[in-house]
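Text of upload00.txt, listed as compact mmCIF, C-alpha atoms:
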```txt
# COMPACT_ATOMS: atom_id res chain seq x y z
CA MET A 1 7.56 10.78 7.93
CA SER A 2 5.54 12.29 5.13
CA MET A 3 6.61 12.42 1.51
CA LYS A 4 9.06 15.06 0.28
CA VAL A 5 10.33 15.73 -3.22
CA ALA A 6 13.31 17.63 -4.61
CA ILE A 7 13.54 18.32 -8.32
CA ARG A 8 16.70 18.70 -10.39
CA GLN A 9 17.65 18.58 -14.05
CA VAL A 10 20.35 16.35 -15.54
CA ASP A 11 21.01 16.53 -19.30
CA GLY A 12 17.42 17.45 -20.10
CA VAL A 13 15.97 14.83 -17.80
CA THR A 14 14.01 15.76 -14.69
CA ILE A 15 15.04 13.81 -11.64
CA VAL A 16 12.55 13.78 -8.79
CA ASP A 17 14.25 12.74 -5.56
CA CYS A 18 11.45 11.34 -3.40
CA SER A 19 11.77 10.58 0.28
CA GLY A 20 9.43 9.30 2.95
CA ARG A 21 6.19 7.44 2.39
CA ILE A 22 3.95 7.29 -0.67
CA THR A 23 0.66 6.39 0.93
CA LEU A 24 -3.02 7.33 0.78
CA GLY A 25 -3.36 11.02 1.56
CA GLU A 26 -0.53 13.51 1.52
CA GLY A 27 2.16 11.28 -0.01
CA SER A 28 0.05 10.28 -3.00
CA VAL A 29 -1.17 13.84 -3.53
CA ILE A 30 2.35 15.28 -3.51
CA LEU A 31 3.52 12.75 -6.09
CA ARG A 32 0.46 13.38 -8.28
CA ASP A 33 0.84 17.17 -8.13
CA THR A 34 4.57 17.00 -8.78
CA VAL A 35 4.23 14.90 -11.93
CA ARG A 36 1.28 16.95 -13.13
CA ASP A 37 3.24 20.21 -12.69
CA LEU A 38 6.28 18.83 -14.47
CA LEU A 39 4.23 17.71 -17.45
CA ALA A 40 2.38 21.04 -17.57
CA LYS A 41 5.73 22.81 -17.78
CA GLY A 42 6.85 20.58 -20.64
CA ASN A 43 9.16 18.31 -18.66
CA LYS A 44 8.38 14.98 -20.26
CA LYS A 45 11.49 12.98 -19.39
CA ILE A 46 10.99 12.11 -15.76
CA VAL A 47 12.89 9.88 -13.37
CA LEU A 48 11.43 9.15 -9.96
CA ASN A 49 14.32 8.45 -7.64
CA LEU A 50 12.81 6.26 -4.92
CA GLN A 51 16.03 5.61 -3.01
CA ASP A 52 14.69 7.19 0.16
CA VAL A 53 11.12 5.95 -0.13
CA ASN A 54 10.84 3.48 2.70
CA TYR A 55 7.14 2.67 2.46
CA ILE A 56 4.48 2.54 -0.18
CA ASP A 57 0.91 1.26 0.07
CA SER A 58 -1.63 0.22 -2.56
CA SER A 59 -2.65 3.87 -3.03
CA GLY A 60 0.99 4.77 -3.58
CA ILE A 61 1.34 1.95 -6.10
CA GLY A 62 -1.74 3.31 -7.85
CA GLU A 63 -0.17 6.75 -7.90
CA LEU A 64 3.01 5.40 -9.49
CA VAL A 65 0.90 3.69 -12.15
CA SER A 66 -1.03 6.91 -12.70
CA ALA A 67 2.20 8.93 -13.02
CA PHE A 68 3.51 6.39 -15.54
CA THR A 69 0.40 6.34 -17.71
CA THR A 70 -0.22 10.09 -17.51
CA THR A 71 3.33 10.81 -18.64
CA LYS A 72 3.09 8.25 -21.42
CA ASN A 73 -0.25 9.62 -22.60
CA GLN A 74 1.31 13.04 -22.93
CA GLY A 75 4.12 11.74 -25.08
CA GLY A 76 6.63 11.51 -22.27
CA GLU A 77 8.52 8.82 -20.45
CA LEU A 78 8.77 8.04 -16.76
CA LYS A 79 11.34 5.74 -15.21
CA LEU A 80 11.92 4.54 -11.67
CA LEU A 81 15.34 4.69 -10.08
CA ASN A 82 16.97 3.10 -7.02
CA LEU A 83 14.14 1.03 -5.60
CA THR A 84 14.50 -0.05 -2.00
CA LYS A 85 14.08 -3.76 -1.35
CA LYS A 86 10.59 -3.21 0.08
CA VAL A 87 9.39 -1.25 -2.95
CA ASN A 88 11.11 -3.66 -5.31
CA ASP A 89 9.37 -6.62 -3.64
CA LEU A 90 6.04 -4.83 -3.86
CA LEU A 91 6.43 -4.18 -7.57
CA GLN A 92 7.44 -7.81 -8.08
CA ILE A 93 4.39 -9.30 -6.36
CA THR A 94 2.03 -6.91 -8.13
CA LYS A 95 3.73 -7.76 -11.45
CA LEU A 96 4.43 -4.09 -12.05
CA TYR A 97 8.18 -4.51 -12.13
CA THR A 98 8.02 -5.40 -15.79
CA VAL A 99 5.61 -2.58 -16.57
CA PHE A 100 7.87 0.15 -15.23
CA ASP A 101 11.28 0.89 -16.65
CA VAL A 102 13.36 0.40 -13.50
CA LYS A 103 16.98 1.53 -13.29
CA ASP A 104 19.50 1.18 -10.53
CA ASP A 105 21.90 3.93 -11.41
CA GLU A 106 21.21 7.49 -12.34
CA ALA A 107 23.59 7.75 -15.28
CA SER A 108 22.00 4.84 -17.11
CA ALA A 109 18.53 6.12 -16.29
CA VAL A 110 19.37 9.48 -17.89
CA LYS A 111 21.03 7.82 -20.89
CA ALA A 112 18.07 5.53 -21.45
CA PHE A 113 15.83 8.35 -22.66
CA LYS A 114 15.46 8.57 -26.38
CA MET B 1 -0.59 -4.63 23.67
CA ALA B 2 1.67 -6.33 26.15
CA MET B 3 2.70 -9.87 25.37
CA THR B 4 0.68 -11.21 28.27
CA GLU B 5 -2.57 -9.72 27.04
CA GLN B 6 -4.70 -11.81 24.76
CA LYS B 7 -6.97 -9.29 23.09
CA VAL B 8 -7.20 -5.57 22.62
CA SER B 9 -9.71 -3.62 20.58
CA TYR B 10 -10.23 -0.05 19.45
CA THR B 11 -13.14 1.96 18.07
CA LEU B 12 -11.87 4.50 15.57
CA ASP B 13 -13.20 7.32 13.43
CA SER B 14 -13.50 7.04 9.66
CA SER B 15 -10.50 9.22 8.96
CA LEU B 16 -7.04 9.14 7.40
CA GLU B 17 -5.60 9.34 10.92
CA THR B 18 -7.27 6.01 11.69
CA ILE B 19 -5.38 4.37 8.84
CA ASP B 20 -2.01 5.56 10.14
CA SER B 21 -3.01 4.70 13.69
CA ALA B 22 -4.09 1.16 12.73
CA GLU B 23 -0.78 0.60 10.97
CA GLU B 24 1.19 1.89 13.96
CA LYS B 25 -0.73 -0.34 16.37
CA ALA B 26 -0.14 -3.37 14.14
CA THR B 27 3.57 -2.62 13.95
CA ARG B 28 3.85 -2.31 17.71
CA ILE B 29 1.89 -5.47 18.45
CA ALA B 30 3.68 -7.55 15.82
CA THR B 31 6.98 -6.34 17.25
CA ASP B 32 5.91 -7.24 20.78
CA LEU B 33 4.93 -10.72 19.62
CA GLY B 34 8.41 -11.28 18.22
CA PHE B 35 7.68 -11.43 14.51
CA ALA B 36 10.64 -11.02 12.17
CA GLU B 37 11.20 -7.64 10.57
CA ASP B 38 9.80 -8.61 7.17
CA GLU B 39 6.73 -10.17 8.82
CA ILE B 40 6.14 -7.02 10.85
CA MET B 41 6.15 -5.03 7.62
CA GLN B 42 3.72 -7.50 6.03
CA ILE B 43 1.33 -7.40 8.99
CA SER B 44 1.39 -3.63 9.29
CA MET B 45 0.83 -3.22 5.59
CA ALA B 46 -2.05 -5.72 5.53
CA VAL B 47 -3.68 -3.87 8.43
CA ARG B 48 -3.13 -0.55 6.68
CA GLU B 49 -4.84 -1.89 3.55
CA ALA B 50 -7.73 -3.27 5.61
CA ALA B 51 -8.09 0.09 7.34
CA VAL B 52 -8.09 1.86 3.97
CA ASN B 53 -10.89 -0.46 2.86
CA ALA B 54 -12.90 0.21 6.00
CA VAL B 55 -12.43 3.99 6.07
CA LEU B 56 -12.51 4.75 2.36
CA HIS B 57 -14.56 2.06 0.63
CA GLY B 58 -16.68 0.91 3.59
CA ASN B 59 -17.55 3.94 5.67
CA ALA B 60 -16.65 6.46 2.95
CA TYR B 61 -15.22 8.84 5.60
CA ALA B 62 -18.71 9.21 7.15
CA PRO B 63 -18.24 10.92 10.54
CA ASP B 64 -21.07 8.94 12.14
CA LYS B 65 -19.60 5.57 11.15
CA LYS B 66 -16.88 3.84 13.12
CA VAL B 67 -14.14 1.32 12.40
CA THR B 68 -13.41 -1.31 15.01
CA LEU B 69 -9.99 -2.89 15.11
CA ALA B 70 -9.11 -5.84 17.31
CA PHE B 71 -5.88 -7.75 17.83
CA GLU B 72 -6.01 -11.18 19.39
CA HIS B 73 -3.14 -13.50 20.19
CA SER B 74 -4.81 -16.85 20.10
CA GLY B 75 -2.76 -20.03 20.24
CA ASN B 76 -0.17 -19.73 17.54
CA ASP B 77 -2.03 -17.05 15.62
CA LEU B 78 -2.23 -13.32 15.62
CA VAL B 79 -5.80 -12.60 14.55
CA ILE B 80 -6.64 -9.05 13.51
CA THR B 81 -10.28 -8.13 12.92
CA ILE B 82 -11.37 -4.92 11.19
CA ARG B 83 -15.04 -4.07 10.92
CA ASP B 84 -16.71 -1.18 9.16
CA GLN B 85 -20.29 0.06 8.97
CA GLY B 86 -20.43 0.43 5.22
CA LYS B 87 -22.69 -1.07 2.64
CA GLY B 88 -20.47 -4.12 2.14
CA MET B 89 -18.37 -5.28 -0.76
CA ASP B 90 -19.05 -7.64 -3.59
CA LEU B 91 -15.89 -9.73 -3.87
CA SER B 92 -16.93 -11.03 -7.25
CA LYS B 93 -16.66 -7.50 -8.60
CA ILE B 94 -13.07 -7.05 -7.50
CA PRO B 95 -10.95 -7.80 -10.55
CA ASN B 96 -7.73 -9.78 -10.42
CA PRO B 97 -5.04 -7.07 -10.24
CA LEU B 98 -2.49 -9.41 -11.83
CA ALA B 99 -4.50 -9.91 -15.02
CA PRO B 100 -2.73 -8.17 -17.91
CA GLU B 101 -5.75 -5.96 -18.59
CA ASN B 102 -5.74 -4.76 -14.96
CA LEU B 103 -2.03 -4.15 -14.42
CA LEU B 104 -2.30 -0.46 -15.22
CA LYS B 105 -5.34 0.16 -13.06
CA THR B 106 -4.71 2.67 -10.32
CA SER B 107 -6.68 0.83 -7.64
CA GLY B 108 -7.88 -2.65 -6.68
CA ARG B 109 -4.71 -4.09 -5.11
CA GLY B 110 -5.59 -3.82 -1.40
CA ILE B 111 -7.18 -7.21 -0.86
CA PHE B 112 -4.58 -8.86 -3.07
CA LEU B 113 -1.80 -7.42 -0.88
CA MET B 114 -3.56 -8.54 2.30
CA ARG B 115 -3.80 -12.07 0.94
CA SER B 116 -0.17 -11.98 -0.16
CA PHE B 117 1.10 -10.88 3.22
CA MET B 118 -1.05 -12.86 5.66
CA ASP B 119 -1.46 -16.60 6.20
CA ALA B 120 -5.22 -16.29 5.89
CA VAL B 121 -7.73 -13.59 5.07
CA GLU B 122 -11.44 -13.97 5.76
CA ILE B 123 -13.96 -11.46 4.50
CA ARG B 124 -17.60 -11.65 5.45
CA PRO B 125 -20.59 -9.35 5.53
CA THR B 126 -22.08 -8.50 8.92
CA GLN B 127 -25.44 -6.98 9.80
CA THR B 128 -23.80 -3.58 9.97
CA GLY B 129 -21.07 -3.70 7.35
CA THR B 130 -18.06 -5.83 6.49
CA GLU B 131 -15.66 -7.79 8.66
CA LEU B 132 -12.14 -8.56 7.58
CA LYS B 133 -10.10 -11.06 9.52
CA LEU B 134 -6.34 -11.18 8.99
CA ILE B 135 -4.45 -14.15 10.41
CA LYS B 136 -0.71 -14.61 10.79
CA HIS B 137 0.89 -17.63 12.40
CA VAL B 138 3.14 -16.47 15.20
CA HIS B 139 5.71 -19.22 14.79
CA GLY B 140 4.59 -20.63 11.47
CA PRO B 141 5.98 -20.27 8.00
CA THR B 142 6.14 -16.85 6.42
CA ALA B 143 3.21 -15.54 4.45
CA GLY B 144 2.19 -17.69 1.56
CA GLY B 145 -0.99 -15.94 0.55
CA LYS B 146 -3.24 -18.78 1.64
CA GLU B 147 -6.88 -17.98 1.91
CA ALA B 148 -9.13 -19.43 4.59
CA SER B 149 -12.45 -18.45 3.12
CA GLN B 150 -14.37 -15.53 1.81
```

In structure tokens, write the structure found in this file.
Amino acid sequence: MSMKVAIRQVDGVTIVDCSGRITLGEGSVILRDTVRDLLAKGNKKIVLNLQDVNYIDSSGIGELVSAFTTTKNQGGELKLLNLTKKVNDLLQITKLYTVFDVKDDEASAVKAFK
Amino acid sequence: MAMTEQKVSYTLDSSLETIDSAEEKATRIATDLGFAEDEIMQISMAVREAAVNAVLHGNAYAPDKKVTLAFEHSGNDLVITIRDQGKGMDLSKIPNPLAPENLLKTSGRGIFLMRSFMDAVEIRPTQTGTELKLIKHVHGPTAGGKEASQ
């Protein structure tokens, strides 16, 4: 299953519901383009909801890092929401769990933006 | 690969499809060999990362270069060998992805993940490229990131 995204707004925060796989190729490109488009349109409070992301590879991890730093460099903030156990484990072993702001419920993710 | 077979190998193009195909083959074989669900995920992901290395960094998508992938059930080990026809890699130039200064790099985690997920990872240059050997004990302890050699 390839990567799909659905975008919605909640209290001025853009929630990106991701599903499928974030891997080298289409999945990484979709994520990159989505975040780039959001930032270009001035949406700088972004939550990536990864609840339905069942697989991520090192390229996908790199894309998450890129999304995080690109958003930050443009004065925005990007948070991760609802990690599956697999993705959570992956962020733990790569020590990225502490780099990302990870939330496990949408309301607190939205509230956490300054 | 049926459980009774000892070795199966494939010659694959240097394409994105090869990466997905290698992962699928690894998942199927690890399942057939009776690995636990989390081990199957680890094996398939390690093979995916090795295939990415071979296709992207080794052969650089060159249409005239091939990737060979072999699965061997030998004793208590599943041994997976991936060879490319690239210019080889200098392991000393691969930075530690866990170092604070490298955490925000967008690449360089593939070999680390392979070593995290498999019982042993061997990387060696060949006359025609690079060979990566991924080893998982069939009935041994779960992956501990041990490294056999480089």

Tell me the residues of chain B close to chain A, meaning within 10 Å using all atoms listed in the file, as number ranges by chain.
B: 16-17, 19-20, 38, 41, 45-46, 48-49, 52, 56, 97-100, 103-113, 116

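Closest approach to B:Thr128 among B:Val67, B:Leu78, B:Ala60, B:Ala22 is made by B:Val67 (distances from only C-alpha atoms).
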
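Take the candidates A:Ala40, A:Leu48, A:Arg32, A:Thr71 and check each one against A:Arg8 using only C-alpha atoms; the shortest distance goes to A:Leu48.
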
From the options B:Asp84, B:Asp90, B:Glu122, B:Glu39, which residue's atoms come nearest to B:Val138, counting all atoms listed in the file?
B:Glu39

Polymer residues at most 8 Å from B:Ile80, only C-alpha atoms, same-chain spacing of 4 or more positions, as a PyMOL selection string:
chain B and resi 47+69-72+133-135

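Here atom CA of B:Gly129 and atom CA of B:Glu23 stand 21.1 Å from one another.
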
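A straight line drawn from atom CA of B:Ala54 to atom CA of A:Arg36 is 29.1 Å long.
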
Give me the residues near A:Leu83 as JSON, numbers by chain, where near means some atom within 7 Å (using only C-alpha atoms) and where sequence neighbours in that chain fewer than 5 positions away do not count.
{"A": [50, 51, 88]}

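Taking atom CA of A:Asp33 as the reference point, atom CA of B:Ser44 is found at 27.1 Å.
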
Expected file for chain A keeping C-alpha atoms, as a CSV table (one decimal), in the first residue's frame:
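Writing done, so here's selection.csv:
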```
chain,number,residue,atom,x,y,z
A,1,MET,CA,0.0,0.0,0.0
A,2,SER,CA,1.5,3.3,-1.0
A,3,MET,CA,1.3,6.5,1.1
A,4,LYS,CA,-1.8,8.6,1.2
A,5,VAL,CA,-2.5,11.9,3.0
A,6,ALA,CA,-5.6,13.8,4.0
A,7,ILE,CA,-5.3,17.3,5.3
A,8,ARG,CA,-7.7,19.1,7.7
A,9,GLN,CA,-7.6,22.1,9.9
A,10,VAL,CA,-8.3,22.2,13.6
A,11,ASP,CA,-8.1,25.5,15.5
A,12,GLY,CA,-5.5,26.9,13.2
A,13,VAL,CA,-3.4,23.7,13.2
A,14,THR,CA,-3.0,21.6,10.1
A,15,ILE,CA,-3.4,17.9,10.7
A,16,VAL,CA,-2.0,15.6,8.0
A,17,ASP,CA,-3.5,12.2,8.3
A,18,CYS,CA,-1.0,9.9,6.8
A,19,SER,CA,-1.7,6.3,5.9
A,20,GLY,CA,0.4,3.5,4.3
A,21,ARG,CA,4.1,3.3,3.9
A,22,ILE,CA,6.7,6.1,4.1
A,23,THR,CA,9.5,4.6,2.2
A,24,LEU,CA,12.0,5.4,-0.5
A,25,GLY,CA,10.2,6.5,-3.6
A,26,GLU,CA,6.5,7.6,-3.7
A,27,GLY,CA,5.9,7.6,0.0
A,28,SER,CA,8.8,9.9,0.8
A,29,VAL,CA,8.0,12.2,-2.1
A,30,ILE,CA,4.4,12.6,-1.1
A,31,LEU,CA,5.3,13.5,2.4
A,32,ARG,CA,8.0,16.0,1.2
A,33,ASP,CA,5.6,17.6,-1.3
A,34,THR,CA,2.8,17.8,1.2
A,35,VAL,CA,4.9,19.6,3.9
A,36,ARG,CA,6.4,21.9,1.3
A,37,ASP,CA,3.0,22.9,-0.1
A,38,LEU,CA,1.7,23.5,3.4
A,39,LEU,CA,4.6,25.8,4.3
A,40,ALA,CA,4.3,27.6,1.0
A,41,LYS,CA,0.7,28.4,1.8
A,42,GLY,CA,1.6,29.7,5.2
A,43,ASN,CA,0.5,26.7,7.2
A,44,LYS,CA,3.3,26.6,9.8
A,45,LYS,CA,1.6,24.6,12.6
A,46,ILE,CA,1.7,21.1,11.3
A,47,VAL,CA,0.8,17.7,12.9
A,48,LEU,CA,1.6,14.5,11.1
A,49,ASN,CA,-0.9,11.9,12.3
A,50,LEU,CA,0.9,8.6,11.7
A,51,GLN,CA,-1.8,6.4,13.2
A,52,ASP,CA,-2.2,4.5,10.0
A,53,VAL,CA,1.4,4.4,8.9
A,54,ASN,CA,2.4,0.8,9.2
A,55,TYR,CA,5.9,0.9,7.8
A,56,ILE,CA,8.7,3.4,7.5
A,57,ASP,CA,12.2,2.8,6.2
A,58,SER,CA,15.4,4.8,6.7
A,59,SER,CA,14.4,7.1,3.7
A,60,GLY,CA,11.1,7.7,5.4
A,61,ILE,CA,12.9,8.5,8.7
A,62,GLY,CA,15.0,10.9,6.7
A,63,GLU,CA,11.9,12.5,5.3
A,64,LEU,CA,10.4,13.0,8.7
A,65,VAL,CA,13.6,14.7,9.9
A,66,SER,CA,13.6,16.8,6.8
A,67,ALA,CA,10.0,17.8,7.3
A,68,PHE,CA,10.8,18.7,10.9
A,69,THR,CA,13.8,20.8,10.2
A,70,THR,CA,12.3,22.5,7.1
A,71,THR,CA,9.3,23.6,9.1
A,72,LYS,CA,11.4,24.8,12.0
A,73,ASN,CA,13.7,26.7,9.6
A,74,GLN,CA,10.7,28.5,8.3
A,75,GLY,CA,9.5,29.6,11.7
A,76,GLY,CA,7.0,26.8,12.1
A,77,GLU,CA,6.5,23.8,14.3
A,78,LEU,CA,5.9,20.2,13.3
A,79,LYS,CA,4.7,17.5,15.7
A,80,LEU,CA,4.1,13.8,15.4
A,81,LEU,CA,0.9,12.2,16.5
A,82,ASN,CA,-0.3,8.6,17.2
A,83,LEU,CA,2.8,6.6,16.4
A,84,THR,CA,2.3,2.9,15.8
A,85,LYS,CA,4.5,0.6,17.9
A,86,LYS,CA,6.7,-0.1,14.9
A,87,VAL,CA,7.3,3.6,14.2
A,88,ASN,CA,7.7,4.3,17.8
A,89,ASP,CA,10.4,1.6,18.2
A,90,LEU,CA,12.2,2.9,15.1
A,91,LEU,CA,12.3,6.4,16.5
A,92,GLN,CA,13.5,5.1,19.8
A,93,ILE,CA,16.4,3.1,18.4
A,94,THR,CA,17.5,6.0,16.1
A,95,LYS,CA,17.3,8.3,19.1
A,96,LEU,CA,14.9,10.6,17.2
A,97,TYR,CA,12.1,10.1,19.7
A,98,THR,CA,13.5,12.9,21.8
A,99,VAL,CA,14.1,15.1,18.8
A,100,PHE,CA,10.5,15.1,17.6
A,101,ASP,CA,7.6,16.4,19.7
A,102,VAL,CA,5.5,13.3,19.9
A,103,LYS,CA,1.9,13.3,21.1
A,104,ASP,CA,-0.6,10.6,21.5
A,105,ASP,CA,-3.8,12.5,21.4
A,106,GLU,CA,-4.9,15.0,18.9
A,107,ALA,CA,-6.4,17.5,21.4
A,108,SER,CA,-3.1,17.9,23.3
A,109,ALA,CA,-1.2,18.0,20.1
A,110,VAL,CA,-3.3,21.0,18.9
A,111,LYS,CA,-3.1,22.7,22.3
A,112,ALA,CA,0.7,22.3,22.4
A,113,PHE,CA,1.3,24.9,19.7
A,114,LYS,CA,2.3,28.3,21.0
```
